[in-house]
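Trainee: Next up, model-v1.pdb (PDB, C-alpha atoms).
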```
ATOM      1  CA  MET A 196       4.358 -78.644 -11.757
ATOM      2  CA  LYS A 197       7.450 -80.790 -11.988
ATOM      3  CA  PRO A 198       7.776 -83.663  -9.480
ATOM      4  CA  LEU A 199      11.113 -83.990  -7.706
ATOM      5  CA  SER A 200      13.402 -86.813  -8.764
ATOM      6  CA  ASP A 201      13.766 -89.863  -6.521
ATOM      7  CA  GLN A 202      17.193 -88.585  -5.415
ATOM      8  CA  GLN A 203      15.795 -85.162  -4.582
ATOM      9  CA  ARG A 204      12.919 -86.721  -2.634
ATOM     10  CA  LEU A 205      15.362 -88.814  -0.621
ATOM     11  CA  PHE A 206      17.494 -85.786   0.214
ATOM     12  CA  LEU A 207      14.394 -83.760   1.140
ATOM     13  CA  VAL A 208      13.307 -86.466   3.590
ATOM     14  CA  GLU A 209      16.808 -86.731   5.049
ATOM     15  CA  SER A 210      17.090 -82.946   5.327
ATOM     16  CA  ASP A 211      13.794 -82.860   7.197
ATOM     17  CA  GLN A 212      14.871 -85.571   9.635
ATOM     18  CA  ILE A 213      18.330 -84.138  10.310
ATOM     19  CA  TYR A 214      17.079 -80.568  10.675
ATOM     20  CA  ARG A 215      14.293 -81.474  13.119
ATOM     21  CA  ALA A 216      16.744 -83.512  15.210
ATOM     22  CA  TRP A 217      19.235 -80.618  15.163
ATOM     23  CA  ARG A 218      16.460 -78.169  16.033
ATOM     24  CA  GLU A 219      15.484 -80.170  19.113
ATOM     25  CA  VAL A 220      19.092 -80.275  20.276
ATOM     26  CA  LEU A 221      19.474 -76.594  19.381
ATOM     27  CA  TRP A 222      16.674 -75.650  21.746
ATOM     28  CA  ARG A 223      18.103 -77.865  24.471
ATOM     29  CA  HIS A 224      21.449 -76.183  23.846
ATOM     30  CA  HIS A 225      19.642 -72.836  24.073
ATOM     31  CA  ASP A 226      18.523 -73.710  27.631
ATOM     32  CA  TYR A 227      22.180 -73.477  28.640
ATOM     33  CA  LYS A 228      22.739 -70.249  26.705
ATOM     34  CA  TYR A 229      23.465 -67.859  29.564
ATOM     35  CA  GLY A 230      25.039 -70.338  31.943
ATOM     36  CA  MET A 231      25.542 -70.549  35.699
ATOM     37  CA  ARG A 232      28.271 -69.132  37.888
ATOM     38  CA  TRP A 233      29.281 -68.671  41.491
ATOM     39  CA  LYS A 234      29.356 -65.182  42.945
ATOM     40  CA  ASN A 235      30.964 -64.213  46.209
ATOM     41  CA  VAL A 236      28.870 -61.863  48.318
ATOM     42  CA  ASN A 237      30.246 -60.790  51.691
ATOM     43  CA  GLY A 238      32.562 -63.775  51.803
ATOM     44  CA  LYS A 239      29.870 -66.303  50.889
ATOM     45  CA  ASP A 240      29.411 -68.032  47.526
ATOM     46  CA  TYR A 241      25.999 -68.018  45.838
ATOM     47  CA  LEU A 242      24.987 -69.960  42.721
ATOM     48  CA  LEU A 243      23.516 -67.719  40.032
ATOM     49  CA  ARG A 244      21.562 -68.777  36.945
ATOM     50  CA  LEU A 245      22.067 -66.125  34.253
ATOM     51  CA  THR A 246      18.816 -65.275  32.465
ATOM     52  CA  SER A 247      19.678 -62.703  29.796
ATOM     53  CA  ALA A 248      22.435 -61.390  27.564
ATOM     54  CA  SER A 249      22.618 -58.262  29.722
ATOM     55  CA  GLY A 250      23.764 -60.283  32.732
ATOM     56  CA  ASN A 251      20.493 -60.552  34.676
ATOM     57  CA  SER A 252      20.499 -63.532  36.991
ATOM     58  CA  LYS A 253      18.525 -65.511  39.538
ATOM     59  CA  SER A 254      20.055 -66.771  42.764
ATOM     60  CA  LEU A 255      19.698 -70.498  43.413
ATOM     61  CA  GLY A 256      21.044 -70.193  46.926
ATOM     62  CA  PRO A 257      24.327 -70.332  48.842
ATOM     63  CA  ARG A 258      26.978 -72.964  48.186
ATOM     64  CA  THR A 259      25.835 -76.280  49.642
ATOM     65  CA  PRO A 260      26.196 -79.911  48.520
ATOM     66  CA  GLU A 261      22.802 -79.522  46.823
ATOM     67  CA  THR A 262      23.690 -76.370  44.845
ATOM     68  CA  GLU A 263      27.088 -77.840  43.960
ATOM     69  CA  GLN A 264      25.258 -80.848  42.503
ATOM     70  CA  ILE A 265      22.924 -78.510  40.572
ATOM     71  CA  PHE A 266      25.945 -76.707  39.144
ATOM     72  CA  ARG A 267      27.708 -79.970  38.270
ATOM     73  CA  GLN A 268      24.624 -81.416  36.540
ATOM     74  CA  PHE A 269      24.152 -78.171  34.634
ATOM     75  CA  GLU A 270      27.735 -78.201  33.360
ATOM     76  CA  GLU A 271      27.510 -81.888  32.371
ATOM     77  CA  GLY A 272      24.204 -81.282  30.574
ATOM     78  CA  LYS A 273      25.655 -78.267  28.814
ATOM     79  CA  ALA A 274      28.664 -80.261  27.586
ATOM     80  CA  LEU A 275      26.469 -83.121  26.332
ATOM     81  CA  ALA A 276      24.064 -80.756  24.562
ATOM     82  CA  HIS A 277      27.004 -78.987  22.910
ATOM     83  CA  GLU A 278      28.472 -82.310  21.737
ATOM     84  CA  LYS A 279      25.164 -83.391  20.165
ATOM     85  CA  TYR A 280      24.689 -79.939  18.653
ATOM     86  CA  GLN A 281      28.108 -80.012  16.983
ATOM     87  CA  SER A 282      27.621 -83.574  15.709
ATOM     88  CA  LEU A 283      24.286 -82.777  14.063
ATOM     89  CA  LYS A 284      25.680 -79.513  12.745
ATOM     90  CA  VAL A 285      28.300 -81.516  10.825
ATOM     91  CA  LYS A 286      25.541 -83.739   9.404
ATOM     92  CA  LEU A 287      23.541 -80.679   8.384
ATOM     93  CA  ASP A 288      26.529 -79.238   6.568
ATOM     94  CA  SER A 289      27.109 -82.531   4.757
ATOM     95  CA  GLN A 290      23.445 -82.658   3.770
ATOM     96  CA  ARG A 291      23.635 -79.056   2.576
ATOM     97  CA  LYS A 292      26.323 -80.023   0.079
ATOM     98  CA  LEU A 293      24.246 -82.971  -1.172
ATOM     99  CA  ASN A 294      21.157 -80.781  -1.550
ATOM    100  CA  ARG A 295      23.112 -78.283  -3.566
ATOM    101  CA  ALA A 296      24.606 -80.989  -5.774
ATOM    102  CA  VAL A 297      21.148 -82.181  -6.890
ATOM    103  CA  ARG A 298      19.789 -78.618  -7.105
ATOM    104  CA  LEU A 299      17.145 -79.342  -4.519
ATOM    105  CA  GLY A 300      16.914 -75.812  -3.095
ATOM    106  CA  ARG A 301      15.522 -72.852  -4.996
ATOM    107  CA  MET A 302      14.478 -70.491  -2.211
ATOM    108  CA  PRO A 303      16.730 -67.407  -1.882
ATOM    109  CA  SER A 304      19.559 -68.181   0.551
ATOM    110  CA  ILE A 305      18.957 -65.013   2.558
ATOM    111  CA  ILE A 306      15.484 -66.272   3.506
ATOM    112  CA  GLY A 307      17.009 -69.495   4.771
ATOM    113  CA  GLU A 308      19.455 -67.478   6.898
ATOM    114  CA  ILE A 309      16.657 -65.326   8.334
ATOM    115  CA  LEU A 310      14.547 -68.383   9.184
ATOM    116  CA  LEU A 311      17.543 -70.076  10.812
ATOM    117  CA  ARG A 312      18.243 -67.038  12.989
ATOM    118  CA  LEU A 313      14.591 -66.822  14.027
ATOM    119  CA  ASP A 314      14.551 -70.537  14.828
ATOM    120  CA  GLN A 315      17.737 -70.288  16.871
ATOM    121  CA  ALA A 316      16.019 -67.598  18.948
ATOM    122  CA  GLN A 317      12.898 -69.813  19.242
ATOM    123  CA  ALA A 318      11.007 -66.903  17.680
ATOM    124  CA  LEU A 319       9.483 -68.749  14.713
ATOM    125  CA  SER A 320       6.616 -69.941  16.915
ATOM    126  CA  GLU A 321       5.401 -66.333  17.090
ATOM    127  CA  LEU A 322       5.558 -65.697  13.326
ATOM    128  CA  ARG A 323       4.536 -67.151  10.000
ATOM    129  CA  VAL A 324       5.589 -66.443   6.430
ATOM    130  CA  VAL A 325       2.785 -65.180   4.200
ATOM    131  CA  GLY A 326       2.870 -63.875   0.652
ATOM    132  CA  THR A 327       4.809 -65.233  -2.303
ATOM    133  CA  HIS A 328       7.657 -66.918  -0.423
ATOM    134  CA  ALA A 329       5.229 -69.179   1.448
ATOM    135  CA  ILE A 330       4.875 -71.068  -1.842
ATOM    136  CA  PHE A 331       8.341 -72.561  -1.303
ATOM    137  CA  ALA A 332       6.903 -74.382   1.719
ATOM    138  CA  TYR A 333       3.923 -75.630  -0.280
ATOM    139  CA  GLU A 334       6.042 -77.052  -3.092
ATOM    140  CA  SER A 335       8.226 -78.743  -0.473
ATOM    141  CA  MET A 336       5.111 -80.275   1.116
ATOM    142  CA  ALA A 337       4.109 -81.711  -2.262
ATOM    143  CA  ALA A 338       7.680 -82.591  -3.377
ATOM    144  CA  VAL A 339       7.325 -80.658  -6.625
ATOM    145  CA  GLU A 340       8.851 -77.642  -8.337
ATOM    146  CA  LEU A 341       6.503 -74.849  -9.397
ATOM    147  CA  LYS A 342       6.899 -72.083 -11.957
ATOM    148  CA  MET A 343       9.853 -70.031 -10.762
ATOM    149  CA  GLU A 344       8.519 -66.835 -12.352
ATOM    150  CA  LEU A 345       5.549 -66.975  -9.968
ATOM    151  CA  LEU A 346       7.802 -67.509  -6.950
ATOM    152  CA  ALA A 347      10.300 -64.724  -7.572
ATOM    153  CA  SER A 348       9.958 -61.844  -5.114
ATOM    154  CA  GLY A 349      12.256 -59.253  -3.583
ATOM    155  CA  ASP A 350      10.620 -59.244  -0.173
ATOM    156  CA  ILE A 351       9.367 -61.582   2.534
ATOM    157  CA  ASP A 352       6.277 -60.908   4.651
ATOM    158  CA  LEU A 353       6.420 -61.982   8.298
ATOM    159  CA  LEU A 354       3.012 -62.126   9.977
ATOM    160  CA  PHE A 355       2.846 -61.486  13.719
ATOM    161  CA  ASP A 356      -0.501 -62.258  15.327
ATOM    162  CA  VAL A 357      -1.242 -58.971  17.109
ATOM    163  CA  ARG A 358      -3.429 -60.809  19.635
ATOM    164  CA  LYS A 359      -0.251 -62.242  21.143
ATOM    165  CA  GLN A 360       1.950 -60.538  23.716
ATOM    166  CA  VAL A 361       4.646 -58.441  22.100
ATOM    167  CA  SER A 362       6.810 -58.883  25.189
ATOM    168  CA  LEU A 363       7.076 -62.635  24.607
ATOM    169  CA  LEU A 364       8.707 -62.251  21.204
ATOM    170  CA  ALA A 365      10.705 -59.233  22.393
ATOM    171  CA  LYS A 366      12.294 -61.397  25.098
ATOM    172  CA  LYS A 367      13.197 -64.108  22.592
ATOM    173  CA  LEU A 368      14.901 -61.459  20.465
ATOM    174  CA  ASP A 369      17.093 -60.529  23.458
ATOM    175  CA  GLY A 370      15.806 -56.968  23.490
ATOM    176  CA  GLU A 371      17.459 -56.286  20.120
ATOM    177  CA  GLY A 372      14.211 -56.560  18.139
ATOM    178  CA  LEU A 373      13.667 -57.983  14.704
ATOM    179  CA  LEU A 374      16.066 -55.455  13.168
ATOM    180  CA  GLY A 375      18.832 -56.634  15.495
ATOM    181  CA  LEU A 376      18.283 -60.205  14.348
ATOM    182  CA  LEU A 377      18.266 -59.181  10.673
ATOM    183  CA  LYS A 378      21.560 -57.340  11.138
ATOM    184  CA  LYS A 379      23.120 -60.611  12.319
ATOM    185  CA  VAL A 380      22.156 -62.038   8.916
ATOM    186  CA  ASP A 381      23.258 -58.962   6.964
ATOM    187  CA  ARG A 382      24.559 -55.882   8.766
ATOM    188  CA  THR A 383      23.316 -53.630   5.938
ATOM    189  CA  PHE A 384      19.659 -54.108   6.879
ATOM    190  CA  GLU A 385      18.112 -50.766   7.846
ATOM    191  CA  ILE A 386      14.544 -49.623   8.445
ATOM    192  CA  SER A 387      13.033 -47.811   5.478
ATOM    193  CA  THR A 388      12.677 -44.088   6.142
ATOM    194  CA  ALA A 389       9.357 -44.058   4.269
ATOM    195  CA  GLU A 390       7.877 -47.307   5.624
ATOM    196  CA  GLY A 391       8.659 -48.158   9.217
ATOM    197  CA  PHE A 392       7.409 -51.742   8.884
ATOM    198  CA  ARG A 393      10.090 -52.572   6.313
ATOM    199  CA  ALA A 394      13.816 -53.360   6.566
ATOM    200  CA  ILE A 395      15.969 -53.221   3.426
ATOM    201  CA  ASN A 396      19.516 -54.453   2.842
ATOM    202  CA  LYS A 397      22.187 -53.298   0.390
ATOM    203  CA  ASP A 398      20.832 -55.596  -2.334
ATOM    204  CA  GLY A 399      17.325 -54.186  -2.031
ATOM    205  CA  PHE A 400      15.891 -57.296  -0.354
ATOM    206  CA  MET A 401      13.031 -56.318   1.945
ATOM    207  CA  VAL A 402      11.573 -57.827   5.115
ATOM    208  CA  ASP A 403       8.063 -56.617   5.981
ATOM    209  CA  LEU A 404       6.529 -57.044   9.436
ATOM    210  CA  ILE A 405       2.736 -57.198   9.225
ATOM    211  CA  GLY A 406      -0.235 -58.062  11.418
ATOM    212  CA  GLN A 407      -4.003 -58.141  11.228
ATOM    213  CA  ASP A 408      -5.945 -54.869  11.543
ATOM    214  CA  LYS A 409      -7.411 -54.430  15.039
ATOM    215  CA  GLY A 410      -9.470 -51.374  14.068
ATOM    216  CA  MET A 411      -9.023 -47.619  14.350
ATOM    217  CA  LEU A 412      -9.913 -47.489  18.047
ATOM    218  CA  ALA A 413      -7.397 -50.138  19.104
ATOM    219  CA  PRO A 414      -3.987 -48.967  20.357
ATOM    220  CA  LYS A 415      -1.092 -49.215  17.943
ATOM    221  CA  PRO A 416       0.970 -52.401  18.443
ATOM    222  CA  GLU A 417       4.124 -51.975  20.508
ATOM    223  CA  LEU A 418       7.613 -52.379  19.077
ATOM    224  CA  PHE A 419       9.726 -55.434  19.913
ATOM    225  CA  ALA A 420      12.554 -53.065  20.853
ATOM    226  CA  GLN A 421      13.316 -49.366  20.722
ATOM    227  CA  GLY A 422      14.014 -48.296  17.146
ATOM    228  CA  ASP A 423      12.688 -51.589  15.764
ATOM    229  CA  LEU A 424      10.328 -52.265  12.863
ATOM    230  CA  GLU A 425       6.726 -51.240  13.303
ATOM    231  CA  ILE A 426       3.892 -53.712  12.720
ATOM    232  CA  MET A 427       1.835 -52.694   9.713
ATOM    233  CA  GLU A 428      -1.790 -53.658  10.270
ATOM    234  CA  VAL A 429      -3.423 -55.108   7.149
ATOM    235  CA  PRO A 430      -7.218 -55.461   6.732
ATOM    236  CA  ASN A 431      -8.588 -59.028   6.647
ATOM    237  CA  LEU A 432      -5.229 -60.562   7.466
ATOM    238  CA  GLU A 433      -6.970 -62.303  10.369
ATOM    239  CA  TRP A 434      -8.043 -64.920   7.816
ATOM    240  CA  LEU A 435      -4.442 -66.058   7.534
ATOM    241  CA  ALA A 436      -3.739 -65.513  11.244
ATOM    242  CA  ASN A 437      -6.667 -67.830  12.085
ATOM    243  CA  ALA A 438      -5.777 -70.460   9.486
ATOM    244  CA  PRO A 439      -4.058 -73.680  10.606
ATOM    245  CA  ARG A 440      -0.332 -73.098  11.008
ATOM    246  CA  LEU A 441       2.031 -75.522   9.278
ATOM    247  CA  GLU A 442       5.783 -75.891   9.706
ATOM    248  CA  GLN A 443       7.626 -77.240   6.686
ATOM    249  CA  VAL A 444      11.318 -77.867   6.133
ATOM    250  CA  VAL A 445      12.433 -75.940   3.055
ATOM    251  CA  ILE A 446      15.752 -75.937   1.213
ATOM    252  CA  ALA A 447      17.522 -72.725   0.215
ATOM    253  CA  ALA A 448      19.501 -72.275  -2.994
ATOM    254  CA  ASN A 449      22.763 -72.869  -1.100
ATOM    255  CA  GLY A 450      21.424 -76.221   0.170
ATOM    256  CA  THR A 451      20.680 -75.012   3.703
ATOM    257  CA  SER A 452      17.651 -76.494   5.471
ATOM    258  CA  ALA A 453      15.254 -74.358   7.498
ATOM    259  CA  ILE A 454      11.783 -74.507   8.989
ATOM    260  CA  MET A 455       9.212 -72.206   7.390
ATOM    261  CA  PRO A 456       5.948 -71.617   9.295
ATOM    262  CA  VAL A 457       3.095 -70.863   6.890
ATOM    263  CA  PRO A 458      -0.696 -70.749   6.833
ATOM    264  CA  ASP A 459      -2.642 -73.669   5.348
ATOM    265  CA  PRO A 460      -2.108 -73.675   1.535
ATOM    266  CA  ARG A 461      -5.881 -73.632   0.966
ATOM    267  CA  ALA A 462      -6.098 -70.425   2.988
ATOM    268  CA  PHE A 463      -3.218 -68.953   0.996
ATOM    269  CA  ALA A 464      -4.987 -69.694  -2.307
ATOM    270  CA  ILE A 465      -8.346 -68.304  -1.191
ATOM    271  CA  HIS A 466      -6.758 -65.158   0.218
ATOM    272  CA  LYS A 467      -4.773 -64.607  -2.986
ATOM    273  CA  ALA A 468      -7.895 -65.096  -5.103
ATOM    274  CA  TRP A 469      -9.705 -62.543  -2.933
ATOM    275  CA  LEU A 470      -6.786 -60.110  -3.273
ATOM    276  CA  SER A 471      -7.009 -60.309  -7.068
ATOM    277  CA  HIS A 472     -10.442 -58.632  -6.907
ATOM    278  CA  GLN A 473      -9.558 -55.734  -4.623
ATOM    279  CA  ILE A 474     -10.051 -52.300  -6.208
ATOM    280  CA  ASN A 475      -7.065 -50.733  -4.428
ATOM    281  CA  ARG A 476      -4.743 -53.587  -5.411
ATOM    282  CA  GLU A 477      -2.137 -52.588  -8.009
ATOM    283  CA  PRO A 478      -3.224 -53.916 -11.436
ATOM    284  CA  VAL A 479       0.201 -55.439 -12.063
ATOM    285  CA  LYS A 480      -0.221 -57.604  -8.933
ATOM    286  CA  LYS A 481      -3.819 -58.748  -9.495
ATOM    287  CA  GLN A 482      -3.152 -61.283 -12.240
ATOM    288  CA  ARG A 483      -0.083 -62.546 -10.392
ATOM    289  CA  ASP A 484      -2.227 -63.012  -7.261
ATOM    290  CA  LEU A 485      -4.750 -65.076  -9.204
ATOM    291  CA  ASN A 486      -2.074 -67.126 -10.958
ATOM    292  CA  GLN A 487      -0.420 -67.929  -7.628
ATOM    293  CA  ALA A 488      -3.802 -68.861  -6.151
ATOM    294  CA  LEU A 489      -4.541 -71.196  -9.045
ATOM    295  CA  MET A 490      -1.088 -72.763  -8.864
ATOM    296  CA  VAL A 491      -1.279 -73.485  -5.116
ATOM    297  CA  MET A 492      -4.859 -74.753  -5.264
ATOM    298  CA  ASN A 493      -3.965 -77.074  -8.158
ATOM    299  CA  LEU A 494      -1.047 -78.328  -6.061
ATOM    300  CA  VAL A 495      -3.412 -79.083  -3.163
ATOM    301  CA  ARG A 496      -5.854 -80.947  -5.401
ATOM    302  CA  ALA A 497      -3.153 -82.967  -7.167
ATOM    303  CA  TYR A 498      -0.681 -83.746  -4.363
ATOM    304  CA  LEU A 499      -2.294 -83.035  -0.978
ATOM    305  CA  PRO A 500      -5.560 -85.018  -0.986
ATOM    306  CA  SER A 501      -5.646 -85.002   2.819
ATOM    307  CA  LEU A 502      -6.625 -81.315   2.672
ATOM    308  CA  PRO A 503     -10.304 -81.137   1.626
ATOM    309  CA  ILE A 504     -11.502 -77.965  -0.068
ATOM    310  CA  ASP A 505     -14.810 -77.293   1.611
ATOM    311  CA  GLU A 506     -16.496 -74.555   3.595
ATOM    312  CA  ARG A 507     -16.142 -76.390   6.901
ATOM    313  CA  ALA A 508     -12.366 -76.653   6.549
ATOM    314  CA  MET A 509     -12.172 -72.965   5.596
ATOM    315  CA  ARG A 510     -14.685 -71.725   8.184
ATOM    316  CA  TYR A 511     -12.467 -68.812   9.241
ATOM    317  CA  PHE A 512     -13.226 -67.148   5.889
ATOM    318  CA  PRO A 513     -16.524 -65.286   5.384
ATOM    319  CA  LYS A 514     -18.870 -67.529   3.396
ATOM    320  CA  ALA A 515     -19.120 -65.027   0.516
ATOM    321  CA  VAL A 516     -15.317 -64.785   0.217
ATOM    322  CA  PHE A 517     -14.935 -68.573   0.221
ATOM    323  CA  GLU A 518     -17.653 -69.130  -2.382
ATOM    324  CA  GLU A 519     -16.410 -66.399  -4.720
ATOM    325  CA  SER A 520     -12.824 -67.596  -4.458
ATOM    326  CA  ILE A 521     -13.470 -71.260  -5.221
ATOM    327  CA  VAL A 522     -15.371 -70.178  -8.339
ATOM    328  CA  ASP A 523     -12.286 -68.210  -9.433
ATOM    329  CA  LEU A 524     -10.149 -71.268  -8.673
ATOM    330  CA  GLY A 525     -12.292 -73.541 -10.856
ATOM    331  CA  ILE A 526     -13.543 -75.690  -7.983
ATOM    332  CA  ARG A 527     -17.175 -74.638  -8.377
ATOM    333  CA  PRO A 528     -18.659 -73.602 -11.758
ATOM    334  CA  LYS A 529     -19.886 -70.037 -12.272
TER     335      LYS A 529
END
```
Output the structure of this file as structure tokens.

Mentor:
Amino acid sequence: MKPLSDQQRLFLVESDQIYRAWREVLWRHHDYKYGMRWKNVNGKDYLLRLTSASGNSKSLGPRTPETEQIFRQFEEGKALAHEKYQSLKVKLDSQRKLNRAVRLGRMPSIIGEILLRLDQAQALSELRVVGTHAIFAYESMAAVELKMELLASGDIDLLFDVRKQVSLLAKKLDGEGLLGLLKKVDRTFEISTAEGFRAINKDGFMVDLIGQDKGMLAPKPELFAQGDLEIMEVPNLEWLANAPRLEQVVIAANGTSAIMPVPDPRAFAIHKAWLSHQINREPVKKQRDLNQALMVMNLVRAYLPSLPIDERAMRYFPKAVFEESIVDLGIRPK
């Protein structure tokens, strides 16, 4: 582990502050996304609040002094939100250049773009990043750089908690689904013909949509939109779905800031240690799983003392899994 320099730490803090401020304004700006307009019906004007990209709307009533005031306040609020949004966007771009100058970001830029798009749609609250790329959030939390060879990966795993309503995320994605959002990042993303839970772009970068296994008798999860990615159900993924959810600002290789939602790093390490023992796990991945588990757990012990490593904190894991994993991770002797 290599600690960040003082300059890098400063820029990481500033990136976090600017991004979170921009994000708040972004969501306020999003409230004005579809707008309001007057519509004449049988010679009478009615105020409509547009509610979707397809033109759906809700009537707020006929033209009166009250509805005219509602319309005026909406337009003023929209203009103010747009002004703040543009101002913070300029600051973000300036910070991006500074981050790049000090080589603060190492995460693949395409992941930053995907996270930004999801955040703009307010869809990140329904997802979390699991697997190798979550480590970028953990090193950002600790303000260190970890071994790049253990962070390199050609895919990102997005976990959707299948206990949640699919329709909620589908609405946030404007009916275009996750694939539609990915195509806004890179139009070459297409669903794999062999694996319906995976989208692949021209460079071979993959986005996997996964969820916890609900059992053979449970109905198959719905799609977010017609022709969208399927949700691949993975056994024991409920351990990560039940783990505390953290949101960390991460920096991409191009200097861009983004929020990455991830499970608790202790849960990540224990799950990876457990994976390294699974019989059906590819041998080439087992040692990498264990090495990543050791790396993240060492990071927690060295830089995140506020996260205790005990059974009570990790109560969403079966006791046997927790005890076996912490032995592997050198926390309890064999």

Trainee: Taking the file above as input, evaluate the PyMOL selection byres ((chain A and resi 314) around 10) and report the hits as a ChimeraX atom specification.

Mentor: /A:218,221-222,308-313,315-320,453-455

Trainee: Write the residues of the selection above to a file with C-alpha atoms, as an mmCIF file, in the coordinates of the input.

Mentor:
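The result, stored in result_16.cif:
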```cif
data_model
loop_
_atom_site.group_PDB
_atom_site.id
_atom_site.type_symbol
_atom_site.label_atom_id
_atom_site.label_comp_id
_atom_site.auth_asym_id
_atom_site.auth_seq_id
_atom_site.Cartn_x
_atom_site.Cartn_y
_atom_site.Cartn_z
ATOM 1 C CA ARG A 218 16.460 -78.169 16.033
ATOM 2 C CA LEU A 221 19.474 -76.594 19.381
ATOM 3 C CA TRP A 222 16.674 -75.650 21.746
ATOM 4 C CA GLU A 308 19.455 -67.478 6.898
ATOM 5 C CA ILE A 309 16.657 -65.326 8.334
ATOM 6 C CA LEU A 310 14.547 -68.383 9.184
ATOM 7 C CA LEU A 311 17.543 -70.076 10.812
ATOM 8 C CA ARG A 312 18.243 -67.038 12.989
ATOM 9 C CA LEU A 313 14.591 -66.822 14.027
ATOM 10 C CA GLN A 315 17.737 -70.288 16.871
ATOM 11 C CA ALA A 316 16.019 -67.598 18.948
ATOM 12 C CA GLN A 317 12.898 -69.813 19.242
ATOM 13 C CA ALA A 318 11.007 -66.903 17.680
ATOM 14 C CA LEU A 319 9.483 -68.749 14.713
ATOM 15 C CA SER A 320 6.616 -69.941 16.915
ATOM 16 C CA ALA A 453 15.254 -74.358 7.498
ATOM 17 C CA ILE A 454 11.783 -74.507 8.989
ATOM 18 C CA MET A 455 9.212 -72.206 7.390
#
```

Trainee: Take the PyMOL selection byres ((chain A and resi 325-329) around 7), apply it to the structure above, and return the hits as a list in words.

Mentor: Arg323, Val324, Ile330, Phe331, Ala332, Tyr333, Leu346, Ser348, Ile351, Asp352, Leu353, Leu354 and Val457 of chain A

Trainee: Can you pull out every residue within 7 Å of Ile386 of chain A, counting all atoms listed in the file, but drop anything in the same chain fewer than 3 positions away, and send it as a VMD selection string?

Mentor: chain A and resid 391 393 to 395 424

Trainee: With all atoms listed in the file as the counted atoms, please give the residues lying no more than 7 Å from segment 224-230 of chain A, apart from itself and same-chain residues fewer than 6 positions off, as a list in words.

Mentor: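 Contacts, with the query itself left out: Arg244, Leu245, Thr246, Ser247, Ala248, Lys273, Ala276 and His277 of chain A.
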
Trainee: Looking at A:Leu489, A:Leu374, A:Val429, A:Leu322, which one is nearest to Val402 of chain A, with distances taken over only C-alpha atoms?

Mentor: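 Comparing A:Leu489, A:Leu374, A:Val429, A:Leu322 against Val402 of chain A, the winner is A:Leu374.
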
Trainee: Report, in Å to a single decimal, how far apart atom CA of Met343 of chain A and atom CA of Arg204 of chain A are.

Mentor: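 The value is 18.8 Å.
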
Trainee: Find the residues around segment 470-480 of chain A up to 12 Å (all atoms listed in the file counted), leave out those fewer than 5 positions away in its own chain, and share them as number ranges by chain.

Mentor: A: 326-327, 345, 348, 430-432, 463-465, 485-489, 516, 519-520, 523-524

Trainee: Since we have the selection now, will you write its residues out, keeping C-alpha atoms, as an mmCIF file, in the frame of the given file?

Mentor:
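Result file is result-v1.cif:
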```cif
data_model
loop_
_atom_site.group_PDB
_atom_site.id
_atom_site.type_symbol
_atom_site.label_atom_id
_atom_site.label_comp_id
_atom_site.auth_asym_id
_atom_site.auth_seq_id
_atom_site.Cartn_x
_atom_site.Cartn_y
_atom_site.Cartn_z
ATOM 1 C CA GLY A 326 2.870 -63.875 0.652
ATOM 2 C CA THR A 327 4.809 -65.233 -2.303
ATOM 3 C CA LEU A 345 5.549 -66.975 -9.968
ATOM 4 C CA SER A 348 9.958 -61.844 -5.114
ATOM 5 C CA PRO A 430 -7.218 -55.461 6.732
ATOM 6 C CA ASN A 431 -8.588 -59.028 6.647
ATOM 7 C CA LEU A 432 -5.229 -60.562 7.466
ATOM 8 C CA PHE A 463 -3.218 -68.953 0.996
ATOM 9 C CA ALA A 464 -4.987 -69.694 -2.307
ATOM 10 C CA ILE A 465 -8.346 -68.304 -1.191
ATOM 11 C CA LEU A 485 -4.750 -65.076 -9.204
ATOM 12 C CA ASN A 486 -2.074 -67.126 -10.958
ATOM 13 C CA GLN A 487 -0.420 -67.929 -7.628
ATOM 14 C CA ALA A 488 -3.802 -68.861 -6.151
ATOM 15 C CA LEU A 489 -4.541 -71.196 -9.045
ATOM 16 C CA VAL A 516 -15.317 -64.785 0.217
ATOM 17 C CA GLU A 519 -16.410 -66.399 -4.720
ATOM 18 C CA SER A 520 -12.824 -67.596 -4.458
ATOM 19 C CA ASP A 523 -12.286 -68.210 -9.433
ATOM 20 C CA LEU A 524 -10.149 -71.268 -8.673
#
```

Trainee: Name the residues captured by the PyMOL selection byres ((chain A and resi 509) around 10) when it is applied to the shown file; answer as a ChimeraX atom specification.

Mentor: /A:434,437-439,459,461-462,465,503-508,510-514,517

Trainee: Find the residues near Ala338 of chain A: any atom within 8 Å, counting all atoms listed in the file, skip ones fewer than 2 places away on the same chain, and give them as a list in words.

Mentor: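 Listed by chain and then number, they are Pro198, Leu199, Arg204, Glu334, Ser335, Met336 and Glu340 of chain A.
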
Trainee: To one decimal place, how far is atom CA of Gln443 of chain A from atom CA of Pro456 of chain A in Å?

Mentor: 6.4 Å

Trainee: Given all atoms listed in the file as the basis, pick out the residue of A:Gly399, A:Met196, A:Thr383, A:Asn235 nearest to Gly349 of chain A.

Mentor: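 So, comparing all the options, the nearest one is A:Gly399.
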
Trainee: Extract, using all atoms listed in the file, all DNA, RNA and protein residues at most 12 Å from Ala420 of chain A, discarding same-chain residues fewer than 6 positions from it, and format them as a short mmCIF file (atom, residue, chain, number, x, y, z; two decimals) with C-alpha atoms, keeping the file's coordinate frame.

Mentor:
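Wrote it out as selection07.cif, contents follow:
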```cif
data_model
loop_
_atom_site.label_atom_id
_atom_site.label_comp_id
_atom_site.auth_asym_id
_atom_site.auth_seq_id
_atom_site.Cartn_x
_atom_site.Cartn_y
_atom_site.Cartn_z
CA VAL A 361 4.65 -58.44 22.10
CA SER A 362 6.81 -58.88 25.19
CA LEU A 363 7.08 -62.64 24.61
CA LEU A 364 8.71 -62.25 21.20
CA ALA A 365 10.70 -59.23 22.39
CA LYS A 366 12.29 -61.40 25.10
CA LYS A 367 13.20 -64.11 22.59
CA LEU A 368 14.90 -61.46 20.46
CA ASP A 369 17.09 -60.53 23.46
CA GLY A 370 15.81 -56.97 23.49
CA GLU A 371 17.46 -56.29 20.12
CA GLY A 372 14.21 -56.56 18.14
CA LEU A 373 13.67 -57.98 14.70
CA LEU A 374 16.07 -55.46 13.17
CA GLY A 375 18.83 -56.63 15.50
CA LEU A 376 18.28 -60.20 14.35
CA ILE A 426 3.89 -53.71 12.72
#
```
